[in-house]
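J.: You'll find work19.pdb just under this line, and it carries PDB, C-alpha atoms.
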```
ATOM      1  CA  MET A   1       8.246   7.038   3.828  1.00  0.00           C
ATOM      2  CA  SER A   2       6.752   4.692   6.367  1.00  0.00           C
ATOM      3  CA  HIS A   3       6.082   1.015   5.731  1.00  0.00           C
ATOM      4  CA  ALA A   4       2.317   1.640   5.559  1.00  0.00           C
ATOM      5  CA  GLN A   5       2.819   4.439   3.002  1.00  0.00           C
ATOM      6  CA  SER A   6       5.074   2.166   0.967  1.00  0.00           C
ATOM      7  CA  ILE A   7       2.447  -0.586   0.898  1.00  0.00           C
ATOM      8  CA  PHE A   8      -0.266   1.946   0.023  1.00  0.00           C
ATOM      9  CA  THR A   9       1.869   3.380  -2.805  1.00  0.00           C
ATOM     10  CA  ARG A  10       2.546  -0.088  -4.238  1.00  0.00           C
ATOM     11  CA  CYS A  11      -1.164  -0.913  -4.131  1.00  0.00           C
ATOM     12  CA  VAL A  12      -2.038   2.364  -5.843  1.00  0.00           C
ATOM     13  CA  LEU A  13       0.539   1.718  -8.558  1.00  0.00           C
ATOM     14  CA  ARG A  14      -0.959  -1.731  -9.173  1.00  0.00           C
ATOM     15  CA  LEU A  15      -4.416  -0.171  -9.326  1.00  0.00           C
ATOM     16  CA  VAL A  16      -3.160   2.398 -11.833  1.00  0.00           C
ATOM     17  CA  LYS A  17      -1.656  -0.325 -14.036  1.00  0.00           C
ATOM     18  CA  GLY A  18      -4.882  -2.322 -13.814  1.00  0.00           C
ATOM     19  CA  LEU A  19      -6.960   0.719 -14.732  1.00  0.00           C
ATOM     20  CA  GLU A  20      -4.682   1.491 -17.659  1.00  0.00           C
ATOM     21  CA  VAL A  21      -5.044  -2.058 -18.987  1.00  0.00           C
ATOM     22  CA  LEU A  22      -8.812  -2.013 -18.411  1.00  0.00           C
ATOM     23  CA  LEU A  23      -9.162   1.307 -20.228  1.00  0.00           C
ATOM     24  CA  VAL A  24      -7.061   0.160 -23.186  1.00  0.00           C
ATOM     25  CA  VAL A  25      -9.075  -3.049 -23.470  1.00  0.00           C
ATOM     26  CA  GLY A  26     -12.335  -1.125 -23.050  1.00  0.00           C
ATOM     27  CA  MET A  27     -11.332   1.332 -25.759  1.00  0.00           C
ATOM     28  CA  ALA A  28     -10.337  -1.505 -28.100  1.00  0.00           C
ATOM     29  CA  VAL A  29     -13.678  -3.247 -27.521  1.00  0.00           C
ATOM     30  CA  LEU A  30     -15.466   0.076 -28.091  1.00  0.00           C
ATOM     31  CA  VAL A  31     -13.679   0.609 -31.431  1.00  0.00           C
ATOM     32  CA  VAL A  32     -14.436  -2.935 -32.608  1.00  0.00           C
ATOM     33  CA  ASP A  33     -18.052  -2.588 -31.451  1.00  0.00           C
ATOM     34  CA  VAL A  34     -18.586   0.681 -33.326  1.00  0.00           C
ATOM     35  CA  LEU A  35     -16.874  -0.660 -36.441  1.00  0.00           C
ATOM     36  CA  TRP A  36     -19.079  -3.758 -36.332  1.00  0.00           C
ATOM     37  CA  GLY A  37     -22.158  -1.573 -35.899  1.00  0.00           C
ATOM     38  CA  VAL A  38     -21.241   0.527 -38.931  1.00  0.00           C
ATOM     39  CA  PHE A  39     -20.349  -2.549 -40.997  1.00  0.00           C
ATOM     40  CA  SER A  40     -23.553  -4.380 -40.098  1.00  0.00           C
ATOM     41  CA  ARG A  41     -25.644  -1.318 -40.860  1.00  0.00           C
ATOM     42  CA  TYR A  42     -24.177  -0.498 -44.259  1.00  0.00           C
ATOM     43  CA  ALA A  43     -22.815  -3.822 -45.521  1.00  0.00           C
ATOM     44  CA  LEU A  44     -25.432  -6.179 -44.089  1.00  0.00           C
ATOM     45  CA  GLY A  45     -28.366  -3.775 -44.351  1.00  0.00           C
ATOM     46  CA  GLU A  46     -29.380  -3.902 -40.677  1.00  0.00           C
ATOM     47  CA  GLN A  47     -27.394  -2.779 -37.662  1.00  0.00           C
ATOM     48  CA  THR A  48     -26.762  -5.412 -35.042  1.00  0.00           C
ATOM     49  CA  ARG A  49     -29.113  -4.680 -32.161  1.00  0.00           C
ATOM     50  CA  TRP A  50     -26.645  -4.591 -29.296  1.00  0.00           C
ATOM     51  CA  THR A  51     -23.797  -2.521 -30.797  1.00  0.00           C
ATOM     52  CA  GLU A  52     -25.168   0.941 -30.005  1.00  0.00           C
ATOM     53  CA  GLU A  53     -26.155   0.021 -26.458  1.00  0.00           C
ATOM     54  CA  LEU A  54     -22.769  -1.547 -25.749  1.00  0.00           C
ATOM     55  CA  ALA A  55     -20.960   1.500 -27.183  1.00  0.00           C
ATOM     56  CA  VAL A  56     -22.894   3.919 -24.983  1.00  0.00           C
ATOM     57  CA  TYR A  57     -22.256   2.022 -21.765  1.00  0.00           C
ATOM     58  CA  LEU A  58     -18.619   1.275 -22.581  1.00  0.00           C
ATOM     59  CA  LEU A  59     -18.151   5.000 -23.094  1.00  0.00           C
ATOM     60  CA  VAL A  60     -19.666   5.665 -19.665  1.00  0.00           C
ATOM     61  CA  TRP A  61     -17.277   3.202 -18.006  1.00  0.00           C
ATOM     62  CA  ILE A  62     -14.256   4.501 -19.926  1.00  0.00           C
ATOM     63  CA  SER A  63     -15.148   8.115 -19.130  1.00  0.00           C
ATOM     64  CA  LEU A  64     -15.589   7.661 -15.384  1.00  0.00           C
ATOM     65  CA  LEU A  65     -12.563   5.433 -14.872  1.00  0.00           C
ATOM     66  CA  GLY A  66     -10.474   7.569 -17.228  1.00  0.00           C
ATOM     67  CA  ALA A  67     -11.488  10.690 -15.298  1.00  0.00           C
ATOM     68  CA  ALA A  68     -10.257   9.083 -12.083  1.00  0.00           C
ATOM     69  CA  LEU A  69      -6.944   8.152 -13.678  1.00  0.00           C
ATOM     70  CA  THR A  70      -6.582  11.661 -15.104  1.00  0.00           C
ATOM     71  CA  PHE A  71      -7.282  13.100 -11.645  1.00  0.00           C
ATOM     72  CA  ARG A  72      -4.388  11.096 -10.231  1.00  0.00           C
ATOM     73  CA  GLU A  73      -2.063  12.550 -12.850  1.00  0.00           C
ATOM     74  CA  LYS A  74      -3.449  16.054 -12.165  1.00  0.00           C
ATOM     75  CA  GLY A  75      -4.435  16.249 -15.809  1.00  0.00           C
ATOM     76  CA  HIS A  76      -7.806  17.955 -15.409  1.00  0.00           C
ATOM     77  CA  LEU A  77      -8.311  21.542 -16.394  1.00  0.00           C
ATOM     78  CA  GLY A  78      -7.998  23.969 -13.555  1.00  0.00           C
ATOM     79  CA  VAL A  79      -8.083  27.687 -13.062  1.00  0.00           C
ATOM     80  CA  ASP A  80      -5.005  27.951 -10.896  1.00  0.00           C
ATOM     81  CA  TYR A  81      -3.668  31.292 -12.074  1.00  0.00           C
ATOM     82  CA  PHE A  82      -4.409  32.969  -8.759  1.00  0.00           C
ATOM     83  CA  VAL A  83      -3.270  29.980  -6.718  1.00  0.00           C
ATOM     84  CA  GLY A  84       0.061  30.155  -8.532  1.00  0.00           C
ATOM     85  CA  LYS A  85       0.482  33.730  -7.302  1.00  0.00           C
ATOM     86  CA  LEU A  86       0.133  32.738  -3.638  1.00  0.00           C
ATOM     87  CA  GLU A  87       2.978  32.057  -1.246  1.00  0.00           C
ATOM     88  CA  PRO A  88       4.105  28.388  -1.234  1.00  0.00           C
ATOM     89  CA  SER A  89       2.653  27.684   2.222  1.00  0.00           C
ATOM     90  CA  VAL A  90      -0.744  29.077   1.192  1.00  0.00           C
ATOM     91  CA  ARG A  91      -0.587  27.138  -2.082  1.00  0.00           C
ATOM     92  CA  ARG A  92       0.015  23.991  -0.091  1.00  0.00           C
ATOM     93  CA  LEU A  93      -3.008  24.732   2.102  1.00  0.00           C
ATOM     94  CA  SER A  94      -5.185  25.395  -0.936  1.00  0.00           C
ATOM     95  CA  ALA A  95      -4.024  22.131  -2.519  1.00  0.00           C
ATOM     96  CA  ILE A  96      -4.893  20.260   0.687  1.00  0.00           C
ATOM     97  CA  PHE A  97      -8.291  21.990   0.799  1.00  0.00           C
ATOM     98  CA  VAL A  98      -9.022  20.984  -2.818  1.00  0.00           C
ATOM     99  CA  GLU A  99      -8.096  17.356  -2.152  1.00  0.00           C
ATOM    100  CA  VAL A 100     -10.332  17.248   0.939  1.00  0.00           C
ATOM    101  CA  ILE A 101     -13.235  18.634  -1.138  1.00  0.00           C
ATOM    102  CA  VAL A 102     -12.624  16.077  -3.911  1.00  0.00           C
ATOM    103  CA  PHE A 103     -12.412  13.275  -1.335  1.00  0.00           C
ATOM    104  CA  ALA A 104     -15.639  14.384   0.378  1.00  0.00           C
ATOM    105  CA  PHE A 105     -17.535  14.751  -2.899  1.00  0.00           C
ATOM    106  CA  SER A 106     -16.291  11.409  -4.180  1.00  0.00           C
ATOM    107  CA  ALA A 107     -17.144   9.637  -0.939  1.00  0.00           C
ATOM    108  CA  PHE A 108     -20.598  11.160  -0.590  1.00  0.00           C
ATOM    109  CA  ALA A 109     -21.854  11.583  -4.156  1.00  0.00           C
ATOM    110  CA  LEU A 110     -20.060   8.848  -6.058  1.00  0.00           C
ATOM    111  CA  VAL A 111     -19.519   6.096  -3.486  1.00  0.00           C
ATOM    112  CA  HIS A 112     -22.547   6.574  -1.218  1.00  0.00           C
ATOM    113  CA  GLY A 113     -24.959   7.888  -3.849  1.00  0.00           C
ATOM    114  CA  GLY A 114     -23.690   5.506  -6.506  1.00  0.00           C
ATOM    115  CA  TRP A 115     -24.000   2.519  -4.182  1.00  0.00           C
ATOM    116  CA  ASN A 116     -27.609   3.461  -3.397  1.00  0.00           C
ATOM    117  CA  LEU A 117     -28.295   3.820  -7.129  1.00  0.00           C
ATOM    118  CA  VAL A 118     -26.833   0.384  -7.857  1.00  0.00           C
ATOM    119  CA  ILE A 119     -28.792  -1.287  -5.033  1.00  0.00           C
ATOM    120  CA  LYS A 120     -32.079   0.336  -6.092  1.00  0.00           C
ATOM    121  CA  THR A 121     -31.491  -0.510  -9.743  1.00  0.00           C
ATOM    122  CA  PHE A 122     -30.780  -4.168  -8.991  1.00  0.00           C
ATOM    123  CA  ALA A 123     -33.849  -4.268  -6.720  1.00  0.00           C
ATOM    124  CA  SER A 124     -36.051  -2.798  -9.461  1.00  0.00           C
ATOM    125  CA  GLY A 125     -35.017  -5.522 -11.890  1.00  0.00           C
ATOM    126  CA  GLN A 126     -34.193  -3.032 -14.645  1.00  0.00           C
ATOM    127  CA  VAL A 127     -32.570  -4.793 -17.607  1.00  0.00           C
ATOM    128  CA  LEU A 128     -30.778  -3.478 -20.680  1.00  0.00           C
ATOM    129  CA  PRO A 129     -33.081  -4.208 -23.626  1.00  0.00           C
ATOM    130  CA  ALA A 130     -30.512  -5.298 -26.221  1.00  0.00           C
ATOM    131  CA  LEU A 131     -27.822  -6.821 -24.008  1.00  0.00           C
ATOM    132  CA  ASN A 132     -30.280  -8.360 -21.523  1.00  0.00           C
ATOM    133  CA  LEU A 133     -28.018  -7.494 -18.561  1.00  0.00           C
ATOM    134  CA  PRO A 134     -29.140  -5.927 -15.274  1.00  0.00           C
ATOM    135  CA  MET A 135     -28.775  -2.130 -15.434  1.00  0.00           C
ATOM    136  CA  GLY A 136     -27.095  -2.227 -12.022  1.00  0.00           C
ATOM    137  CA  TYR A 137     -23.925  -3.489 -13.698  1.00  0.00           C
ATOM    138  CA  VAL A 138     -23.778  -0.352 -15.816  1.00  0.00           C
ATOM    139  CA  TYR A 139     -24.315   1.910 -12.810  1.00  0.00           C
ATOM    140  CA  SER A 140     -21.756   0.049 -10.704  1.00  0.00           C
ATOM    141  CA  VAL A 141     -19.015   2.132 -12.315  1.00  0.00           C
ATOM    142  CA  VAL A 142     -20.220   5.140 -10.287  1.00  0.00           C
ATOM    143  CA  PRO A 143     -19.252   3.794  -6.828  1.00  0.00           C
ATOM    144  CA  ILE A 144     -16.200   2.035  -8.295  1.00  0.00           C
ATOM    145  CA  SER A 145     -14.885   5.273  -9.776  1.00  0.00           C
ATOM    146  CA  GLY A 146     -15.764   7.041  -6.513  1.00  0.00           C
ATOM    147  CA  VAL A 147     -13.575   4.655  -4.537  1.00  0.00           C
ATOM    148  CA  VAL A 148     -10.754   5.193  -7.034  1.00  0.00           C
ATOM    149  CA  PHE A 149     -11.148   8.982  -6.783  1.00  0.00           C
ATOM    150  CA  CYS A 150     -11.024   8.708  -2.975  1.00  0.00           C
ATOM    151  CA  LEU A 151      -7.852   6.599  -3.087  1.00  0.00           C
ATOM    152  CA  PHE A 152      -6.142   9.052  -5.426  1.00  0.00           C
ATOM    153  CA  ALA A 153      -7.255  12.069  -3.357  1.00  0.00           C
ATOM    154  CA  PHE A 154      -5.882  10.332  -0.256  1.00  0.00           C
ATOM    155  CA  GLU A 155      -2.622   9.680  -2.121  1.00  0.00           C
ATOM    156  CA  HIS A 156      -2.393  13.379  -3.040  1.00  0.00           C
ATOM    157  CA  LEU A 157      -3.155  14.371   0.557  1.00  0.00           C
ATOM    158  CA  MET A 158      -0.393  12.098   1.864  1.00  0.00           C
ATOM    159  CA  ALA A 159       2.043  13.784  -0.517  1.00  0.00           C
ATOM    160  CA  TYR A 160       0.942  17.307   0.439  1.00  0.00           C
ATOM    161  CA  LEU A 161       1.102  16.509   4.150  1.00  0.00           C
ATOM    162  CA  SER A 162       4.485  14.807   4.048  1.00  0.00           C
ATOM    163  CA  VAL A 163       7.294  16.705   5.726  1.00  0.00           C
ATOM    164  CA  ASP A 164       9.606  16.549   2.714  1.00  0.00           C
ATOM    165  CA  PHE A 165       6.972  17.683   0.180  1.00  0.00           C
ATOM    166  CA  ASP A 166       8.220  20.482  -2.056  1.00  0.00           C
ATOM    167  CA  LEU A 167       5.753  22.517  -4.094  1.00  0.00           C
ATOM    168  CA  LYS A 168       8.496  23.401  -6.570  1.00  0.00           C
ATOM    169  CA  THR A 169       8.768  19.763  -7.677  1.00  0.00           C
ATOM    170  CA  SER A 170       5.029  19.120  -7.626  1.00  0.00           C
ATOM    171  CA  PRO A 171       3.673  18.732 -11.178  1.00  0.00           C
ATOM    172  CA  GLN A 172       0.710  20.894 -10.260  1.00  0.00           C
ATOM    173  CA  PHE A 173       2.799  23.927  -9.346  1.00  0.00           C
ATOM    174  CA  ALA A 174       6.168  23.427 -11.057  1.00  0.00           C
ATOM    175  CA  GLU A 175       5.279  25.711 -13.968  1.00  0.00           C
ATOM    176  CA  LYS A 176       4.092  28.458 -11.616  1.00  0.00           C
ATOM    177  CA  GLU A 177       7.497  28.731  -9.962  1.00  0.00           C
ATOM    178  CA  SER A 178       9.293  29.128 -13.296  1.00  0.00           C
ATOM    179  CA  GLU A 179       7.051  31.996 -14.487  1.00  0.00           C
TER
END
```
Please lay out the structure from this file as structure tokens.

T.:
Amino acid sequence: MSHAQSIFTRCVLRLVKGLEVLLVVGMAVLVVDVLWGVFSRYALGEQTRWTEELAVYLLVWISLLGAALTFREKGHLGVDYFVGKLEPSVRRLSAIFVEVIVFAFSAFALVHGGWNLVIKTFASGQVLPALNLPMGYVYSVVPISGVVFCLFAFEHLMAYLSVDFDLKTSPQFAEKESE
């Protein structure tokens, strides 16, 4: 592994740890928020105005960032039955192809499209009614998660393109070899 790859890997690992902490904190805040909303509705007779809005947008942030983290761990569902039947060299090519597609989609749709959405939303002055925050903050998770997806796709590509990469030890294909 080159020095640049080593630095990149360390940065990615720090990002992963940061995302994990952020997601745990976000989930904890979401649970407390929902519990407070239920308590205020049934015990106090009127639900606190901001609890539902906060819960919805926390769920959006947790979902997009959690999806990126799950992508890194190759935890998403996939129909790879036929890919598992291919020769190892062809499997490697298909894995590279998939990562390039994910990178391109993330860069174009999430980063580029999300950035445009955030800019236009801030420019329009749209504000969340209950929380009184600019809606652009909510939408900013789209380009952020896109950047994270791109980094993780690049990390996967580096692994697939490395000379010493072995499909038999790759989590994505390890089960296929044992069948």

J.: Give me the residues within 10 Å of Ala67 of chain A as a PyMOL selection string, counting only C-alpha atoms and dropping any in the same chain fewer than 4 places off.

T.: chain A and resi 61-63+71-73+75-76+145+148-149

J.: Please produce an output containing C-alpha atoms for each residue in the selection, written as a PDB file, keeping the file's coordinate frame.

T.:
```pdb
ATOM      1  CA  TRP A  61     -17.277   3.202 -18.006  1.00  0.00           C
ATOM      2  CA  ILE A  62     -14.256   4.501 -19.926  1.00  0.00           C
ATOM      3  CA  SER A  63     -15.148   8.115 -19.130  1.00  0.00           C
ATOM      4  CA  PHE A  71      -7.282  13.100 -11.645  1.00  0.00           C
ATOM      5  CA  ARG A  72      -4.388  11.096 -10.231  1.00  0.00           C
ATOM      6  CA  GLU A  73      -2.063  12.550 -12.850  1.00  0.00           C
ATOM      7  CA  GLY A  75      -4.435  16.249 -15.809  1.00  0.00           C
ATOM      8  CA  HIS A  76      -7.806  17.955 -15.409  1.00  0.00           C
ATOM      9  CA  SER A 145     -14.885   5.273  -9.776  1.00  0.00           C
ATOM     10  CA  VAL A 148     -10.754   5.193  -7.034  1.00  0.00           C
ATOM     11  CA  PHE A 149     -11.148   8.982  -6.783  1.00  0.00           C
TER      12      PHE A 149
END
```

J.: Give me the residues within 9 Å of segment 120-135 of chain A as a list in words, counting all atoms listed in the file and dropping any in the same chain fewer than 2 places off.

T.: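 Neighbouring residues, sequence-local ones excluded: Arg49, Trp50, Thr51, Glu53, Leu54, Trp115, Asn116, Leu117, Val118, Tyr137, Val138, Tyr139 and Ser140 of chain A.
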
J.: Using the file's own x, y and z axes, so that the box edges lie along x, y and z, what centre and edge lengths in Å (one decimal) does a box around every listed atom of segment 109-114 of chain A get when 3 Å is added on each side? Give it as JSON.

T.:
```
{"center_x": -22.2, "center_y": 8.5, "center_z": -3.9, "size_x": 11.4, "size_y": 12.1, "size_z": 11.3}
```

J.: Any chance you could tabulate, as a Markdown table, the residues of segment 53-171 of chain A at most 8 Å from segment 16-29 of chain A with each one's nearest atom pair and distance in Å to one decimal, using only C-alpha atoms, in chain and rising number order?

T.:
```
| residue | atom | partner | partner_atom | distance |
| --- | --- | --- | --- | --- |
| A:Leu58 | CA | A:Gly26 | CA | 6.7 |
| A:Ile62 | CA | A:Leu23 | CA | 6.0 |
| A:Leu65 | CA | A:Leu19 | CA | 7.3 |
| A:Gly66 | CA | A:Leu23 | CA | 7.1 |
| A:Leu69 | CA | A:Val16 | CA | 7.1 |
```

J.: Of the candidates A:Ile144, A:Phe103, A:Phe152, A:Tyr160, which one gets nearest to Leu64 of chain A if we count all atoms listed in the file?

T.: A:Ile144

J.: Kindly indicate which residue among A:Val141, A:Leu86, A:Leu157, A:Leu77 lies nearest to Ile101 of chain A, using all atoms listed in the file for the distances.

T.: A:Leu157

J.: Compare A:Gly146, A:Gly84, A:Ala68, A:Tyr42 by their minimum atom-to-atom distance to His112 of chain A, counting all atoms listed in the file, and give me the closest one.

T.: A:Gly146

J.: Find, counting only C-alpha atoms, the residue in A:Asp80, A:Val34, A:Glu46, A:Ile96 that gets nearest to Ser162 of chain A.

T.: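 The answer is A:Ile96, which sits nearest to Ser162 of chain A.
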
J.: Quick one: distance from atom CA of Gly114 of chain A to atom CA of Val102 of chain A in Å, one decimal?

T.: 15.5 Å

J.: Can you work out which one of A:Val60, A:Val31, A:Ala109, A:Val100 has the shortest atom-to-atom distance to Met158 of chain A, counting only C-alpha atoms?

T.: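 Using only C-alpha atoms, Met158 of chain A sits closest to A:Val100.
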
J.: Just the number, please: distance in Å from atom CA of Pro143 of chain A to atom CA of Leu110 of chain A, one decimal.

T.: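 About the pair atom CA of Pro143 of chain A and atom CA of Leu110 of chain A: they are 5.2 Å apart.
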
J.: Figure out the distance between atom CA of Val147 of chain A and atom CA of Ser6 of chain A, please, to one decimal in Å.

T.: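 Atom CA of Val147 of chain A lies 19.6 Å from atom CA of Ser6 of chain A.
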
J.: Identify which of the residues A:Ala4, A:Arg41, A:Arg10, A:Phe82 lies closest to Ser94 of chain A, counting only C-alpha atoms when measuring atom-to-atom distances.

T.: A:Phe82
